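Structure below is my_file.pdb: PDB, C-alpha atoms.
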```pdb
ATOM      1  CA  MET Y 110    -195.335 120.696  36.793  1.00  0.00           C
ATOM      2  CA  GLU Y 111    -195.308 120.986  40.542  1.00  0.00           C
ATOM      3  CA  LYS Y 112    -193.208 123.310  42.690  1.00  0.00           C
ATOM      4  CA  LEU Y 113    -190.217 121.515  44.168  1.00  0.00           C
ATOM      5  CA  THR Y 114    -189.172 121.553  47.799  1.00  0.00           C
ATOM      6  CA  GLN Y 115    -185.987 123.432  48.688  1.00  0.00           C
ATOM      7  CA  GLN Y 116    -184.120 120.128  48.997  1.00  0.00           C
ATOM      8  CA  GLU Y 117    -185.386 119.017  45.572  1.00  0.00           C
ATOM      9  CA  GLU Y 118    -184.477 122.358  44.000  1.00  0.00           C
ATOM     10  CA  GLU Y 119    -180.940 122.131  45.395  1.00  0.00           C
ATOM     11  CA  ALA Y 120    -180.598 118.628  43.958  1.00  0.00           C
ATOM     12  CA  MET Y 121    -181.925 119.777  40.582  1.00  0.00           C
ATOM     13  CA  GLN Y 122    -179.478 122.699  40.562  1.00  0.00           C
ATOM     14  CA  ALA Y 123    -176.667 120.153  40.863  1.00  0.00           C
ATOM     15  CA  VAL Y 124    -178.184 117.980  38.129  1.00  0.00           C
ATOM     16  CA  TRP Y 125    -178.658 120.949  35.789  1.00  0.00           C
ATOM     17  CA  SER Y 126    -175.139 122.248  36.400  1.00  0.00           C
ATOM     18  CA  LEU Y 127    -173.707 118.879  35.347  1.00  0.00           C
ATOM     19  CA  ASP Y 128    -176.382 118.171  32.721  1.00  0.00           C
ATOM     20  CA  GLY Y 129    -176.920 114.840  34.465  1.00  0.00           C
ATOM     21  CA  GLY Y 130    -174.686 112.399  36.246  1.00  0.00           C
ATOM     22  CA  PHE Y 131    -174.412 110.142  39.263  1.00  0.00           C
ATOM     23  CA  ILE Y 132    -175.539 110.827  42.829  1.00  0.00           C
ATOM     24  CA  LYS Y 133    -171.914 111.013  44.004  1.00  0.00           C
ATOM     25  CA  GLU Y 134    -171.270 113.806  41.472  1.00  0.00           C
ATOM     26  CA  PHE Y 135    -174.399 115.682  42.552  1.00  0.00           C
ATOM     27  CA  LEU Y 136    -173.303 115.413  46.175  1.00  0.00           C
ATOM     28  CA  GLU Y 137    -169.950 116.997  45.302  1.00  0.00           C
ATOM     29  CA  LYS Y 138    -171.773 119.956  43.704  1.00  0.00           C
ATOM     30  CA  LEU Y 139    -173.936 120.706  46.743  1.00  0.00           C
ATOM     31  CA  GLU Y 140    -172.866 123.345  49.237  1.00  0.00           C
ATOM     32  CA  GLU Y 141    -172.108 122.625  52.874  1.00  0.00           C
ATOM     33  CA  PRO Y 142    -173.699 121.267  54.910  1.00  0.00           C
ATOM     34  CA  LYS Y 143    -174.148 118.439  52.430  1.00  0.00           C
ATOM     35  CA  PRO Y 144    -176.945 115.963  53.034  1.00  0.00           C
ATOM     36  CA  PRO Y 145    -176.066 112.310  53.643  1.00  0.00           C
ATOM     37  CA  TYR Y 146    -175.667 110.280  50.431  1.00  0.00           C
ATOM     38  CA  THR Y 147    -178.805 108.254  51.210  1.00  0.00           C
ATOM     39  CA  THR Y 148    -180.889 111.423  51.687  1.00  0.00           C
ATOM     40  CA  LEU Y 149    -179.760 112.783  48.340  1.00  0.00           C
ATOM     41  CA  ALA Y 150    -180.428 109.392  46.723  1.00  0.00           C
ATOM     42  CA  SER Y 151    -184.006 109.448  48.074  1.00  0.00           C
ATOM     43  CA  THR Y 152    -184.494 113.019  46.846  1.00  0.00           C
ATOM     44  CA  VAL Y 153    -183.231 112.075  43.372  1.00  0.00           C
ATOM     45  CA  LYS Y 154    -185.564 109.050  43.280  1.00  0.00           C
ATOM     46  CA  ASN Y 155    -188.477 111.353  44.196  1.00  0.00           C
ATOM     47  CA  LEU Y 156    -187.481 113.714  41.388  1.00  0.00           C
ATOM     48  CA  GLU Y 157    -187.530 110.774  39.007  1.00  0.00           C
ATOM     49  CA  LYS Y 158    -191.031 109.791  40.211  1.00  0.00           C
ATOM     50  CA  LYS Y 159    -192.192 113.396  39.709  1.00  0.00           C
ATOM     51  CA  GLY Y 160    -190.943 113.333  36.118  1.00  0.00           C
ATOM     52  CA  PHE Y 161    -188.020 115.728  36.501  1.00  0.00           C
ATOM     53  CA  LEU Y 162    -185.322 113.092  35.925  1.00  0.00           C
ATOM     54  CA  GLN Y 163    -184.844 109.866  34.052  1.00  0.00           C
ATOM     55  CA  SER Y 164    -182.405 107.129  35.016  1.00  0.00           C
ATOM     56  CA  GLU Y 165    -180.236 104.688  33.147  1.00  0.00           C
ATOM     57  CA  LYS Y 166    -178.682 101.713  34.905  1.00  0.00           C
ATOM     58  CA  PHE Y 167    -174.883 101.390  34.783  1.00  0.00           C
ATOM     59  CA  GLY Y 168    -173.773  98.212  36.561  1.00  0.00           C
ATOM     60  CA  ASN Y 169    -175.025  98.551  40.115  1.00  0.00           C
ATOM     61  CA  THR Y 170    -175.662 102.314  39.927  1.00  0.00           C
ATOM     62  CA  TYR Y 171    -177.803 104.755  37.988  1.00  0.00           C
ATOM     63  CA  ARG Y 172    -177.030 107.801  35.879  1.00  0.00           C
ATOM     64  CA  TYR Y 173    -179.689 110.512  36.016  1.00  0.00           C
ATOM     65  CA  THR Y 174    -180.436 113.071  33.338  1.00  0.00           C
ATOM     66  CA  PRO Y 175    -182.888 115.981  33.486  1.00  0.00           C
ATOM     67  CA  ILE Y 176    -186.187 115.702  31.637  1.00  0.00           C
ATOM     68  CA  ILE Y 177    -187.300 119.183  32.719  1.00  0.00           C
ATOM     69  CA  GLN Y 178    -184.807 121.859  31.708  1.00  0.00           C
ATOM     70  CA  GLU Y 179    -183.835 124.592  34.160  1.00  0.00           C
ATOM     71  CA  GLU Y 180    -185.214 127.401  31.981  1.00  0.00           C
ATOM     72  CA  ASP Y 181    -188.608 125.671  31.683  1.00  0.00           C
ATOM     73  CA  TYR Y 182    -188.815 125.212  35.448  1.00  0.00           C
ATOM     74  CA  LYS Y 183    -187.863 128.849  36.093  1.00  0.00           C
ATOM     75  CA  LYS Y 184    -190.526 130.110  33.674  1.00  0.00           C
ATOM     76  CA  ARG Y 185    -193.255 127.962  35.217  1.00  0.00           C
ATOM     77  CA  PHE Y 186    -192.193 128.759  38.784  1.00  0.00           C
ATOM     78  CA  MET Y 187    -191.958 132.506  38.181  1.00  0.00           C
ATOM     79  CA  LYS Y 188    -195.348 132.590  36.460  1.00  0.00           C
ATOM     80  CA  GLY Y 189    -196.910 130.915  39.507  1.00  0.00           C
ATOM     81  CA  PHE Y 190    -194.964 133.079  41.946  1.00  0.00           C
ATOM     82  CA  VAL Y 191    -195.973 136.323  40.255  1.00  0.00           C
ATOM     83  CA  GLY Y 192    -199.562 135.106  40.025  1.00  0.00           C
ATOM     84  CA  ASP Y 193    -199.740 134.058  43.678  1.00  0.00           C
ATOM     85  CA  TYR Y 194    -197.995 137.046  45.248  1.00  0.00           C
ATOM     86  CA  PHE Y 195    -198.228 139.934  42.767  1.00  0.00           C
ATOM     87  CA  LYS Y 196    -201.656 139.549  41.099  1.00  0.00           C
ATOM     88  CA  ASN Y 197    -200.045 138.400  37.817  1.00  0.00           C
ATOM     89  CA  SER Y 198    -198.286 141.765  37.545  1.00  0.00           C
ATOM     90  CA  TYR Y 199    -194.556 141.866  36.865  1.00  0.00           C
ATOM     91  CA  LYS Y 200    -194.828 145.612  37.425  1.00  0.00           C
ATOM     92  CA  GLU Y 201    -195.986 144.878  41.001  1.00  0.00           C
ATOM     93  CA  LEU Y 202    -193.042 142.506  41.409  1.00  0.00           C
ATOM     94  CA  VAL Y 203    -190.506 145.112  40.313  1.00  0.00           C
ATOM     95  CA  ALA Y 204    -192.250 147.793  42.387  1.00  0.00           C
ATOM     96  CA  PHE Y 205    -192.010 145.552  45.447  1.00  0.00           C
ATOM     97  CA  PHE Y 206    -188.250 145.194  45.051  1.00  0.00           C
ATOM     98  CA  ALA Y 207    -187.859 148.914  44.358  1.00  0.00           C
ATOM     99  CA  LYS Y 208    -189.812 149.809  47.517  1.00  0.00           C
ATOM    100  CA  GLU Y 209    -187.750 147.364  49.550  1.00  0.00           C
ATOM    101  CA  LYS Y 210    -184.585 148.872  48.053  1.00  0.00           C
ATOM    102  CA  GLN Y 211    -183.630 145.452  46.684  1.00  0.00           C
ATOM    103  CA  ILE Y 212    -183.110 146.747  43.148  1.00  0.00           C
ATOM    104  CA  SER Y 213    -181.047 149.739  42.098  1.00  0.00           C
ATOM    105  CA  ALA Y 214    -181.856 152.418  39.538  1.00  0.00           C
ATOM    106  CA  GLU Y 215    -179.068 150.994  37.362  1.00  0.00           C
ATOM    107  CA  GLU Y 216    -180.635 147.526  37.471  1.00  0.00           C
ATOM    108  CA  LEU Y 217    -184.031 148.998  36.612  1.00  0.00           C
ATOM    109  CA  GLN Y 218    -182.469 150.776  33.656  1.00  0.00           C
ATOM    110  CA  GLU Y 219    -180.918 147.480  32.509  1.00  0.00           C
ATOM    111  CA  ILE Y 220    -184.374 145.890  32.621  1.00  0.00           C
ATOM    112  CA  ILE Y 221    -185.826 148.781  30.609  1.00  0.00           C
ATOM    113  CA  ASP Y 222    -183.019 148.421  28.063  1.00  0.00           C
ATOM    114  CA  MET Y 223    -183.695 144.670  27.765  1.00  0.00           C
ATOM    115  CA  ILE Y 224    -187.393 145.340  27.154  1.00  0.00           C
ATOM    116  CA  GLU Y 225    -186.684 148.039  24.590  1.00  0.00           C
ATOM    117  CA  ASN Y 226    -184.124 145.879  22.788  1.00  0.00           C
ATOM    118  CA  LYS Y 227    -186.612 143.014  22.629  1.00  0.00           C
ATOM    119  CA  LYS Y 228    -189.246 145.322  21.081  1.00  0.00           C
ATOM    120  CA  THR Y 229    -186.883 146.327  18.260  1.00  0.00           C
ATOM    121  CA  LYS Y 230    -185.971 142.746  17.357  1.00  0.00           C
TER     122      LYS Y 230
END
```

Would it be possible to restate this file's structure as structure tokens?
Amino acid sequence: MEKLTQQEEEAMQAVWSLDGGFIKEFLEKLEEPKPPYTTLASTVKNLEKKGFLQSEKFGNTYRYTPIIQEEDYKKRFMKGFVGDYFKNSYKELVAFFAKEKQISAEELQEIIDMIENKKTK
């Protein structure tokens, strides 16, 4: 699974939030400034070619549904991101955000609690 461009990720966010739909519906979900309809249509077609979406013809339009689920994409992307930038160490990732003051002690404690709760299950 390849990393998506920012434009493709924004389109997929709209698709995932609706669990599929038509380009017009995806366009409504996007934040301003919205791309032109034709630009979004091209992006969606590219996502279909990449295997992220499948289409079904309805009259003279298409309905698109996700093949790749959001959670699967996040897992794959984060694994690559941590590998590329933090030497495959989630500890390094968290340390980076702590050093940059991008994560609070309370948030760190929540992460610790999540890890400890997972160990007991």

In Å, with one decimal, what is the gap from atom CA of Y:Lys158 to atom CA of Y:Met121? 13.5 Å

Nearest-residue call for Y:Thr114, choices Y:Phe186, Y:Phe135, Y:Tyr146, Y:Phe167, using all atoms listed in the file: Y:Phe186

For atom CA of Y:Leu136 and atom CA of Y:Lys166, quote the distance in Å rounded to one decimal. 18.5 Å

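Counting from atom CA of Y:Glu117, the distance to atom CA of Y:Thr152 is 6.2 Å.
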
Pull out every residue that the PyMOL selection byres ((chain Y and resi 131) around 8) matches in the shown coordinates and put them as number ranges by chain. Y: 129-130, 132-135, 170-173

Based on the selection just made, write C-alpha atoms of those residues as a compact mmCIF listing (two decimals), in the frame of the given file.
```
# COMPACT_ATOMS: atom_id res chain seq x y z
CA GLY Y 129 -176.92 114.84 34.47
CA GLY Y 130 -174.69 112.40 36.25
CA ILE Y 132 -175.54 110.83 42.83
CA LYS Y 133 -171.91 111.01 44.00
CA GLU Y 134 -171.27 113.81 41.47
CA PHE Y 135 -174.40 115.68 42.55
CA THR Y 170 -175.66 102.31 39.93
CA TYR Y 171 -177.80 104.76 37.99
CA ARG Y 172 -177.03 107.80 35.88
CA TYR Y 173 -179.69 110.51 36.02
```

I would like the residues chosen by the PyMOL selection byres ((chain Y and resi 111) around 10) on the shown file; could you give them as a PyMOL selection string? chain Y and resi 110+112-114+159-161+182+185-186

The residue from Y:Glu216, Y:Tyr194, Y:Trp125, Y:Glu118 with the smallest atom-to-atom distance to Y:Glu180, counting all atoms listed in the file, is Y:Trp125

Contacts of Y:Leu162 at 8 Å or less, counting only C-alpha atoms, minus same-chain residues fewer than 4 places along, as a short mmCIF file (atom, residue, chain, number, x, y, z; two decimals) with C-alpha atoms, keeping the file's coordinate frame?
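Full text of result.cif as output:
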```
data_model
loop_
_atom_site.label_atom_id
_atom_site.label_comp_id
_atom_site.auth_asym_id
_atom_site.auth_seq_id
_atom_site.Cartn_x
_atom_site.Cartn_y
_atom_site.Cartn_z
CA VAL Y 153 -183.23 112.08 43.37
CA LEU Y 156 -187.48 113.71 41.39
CA GLU Y 157 -187.53 110.77 39.01
CA LYS Y 158 -191.03 109.79 40.21
CA TYR Y 173 -179.69 110.51 36.02
CA THR Y 174 -180.44 113.07 33.34
CA PRO Y 175 -182.89 115.98 33.49
CA ILE Y 176 -186.19 115.70 31.64
CA ILE Y 177 -187.30 119.18 32.72
#
```

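In this comparison, which uses only C-alpha atoms, the residue of Y:Leu202, Y:Val124, Y:Val191, Y:Ala214 approaching Y:Leu149 most closely is Y:Val124.
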
Choose the residue, out of Y:Gln163, Y:Lys200, Y:Glu215, Y:Thr147, that has the smallest atom-to-atom separation from Y:Asp128; count all atoms listed in the file. Y:Gln163

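Using all atoms listed in the file, the nearest neighbour of Y:Leu127 within the list Y:Asn169, Y:Glu179, Y:Leu217, Y:Phe195 is Y:Glu179.
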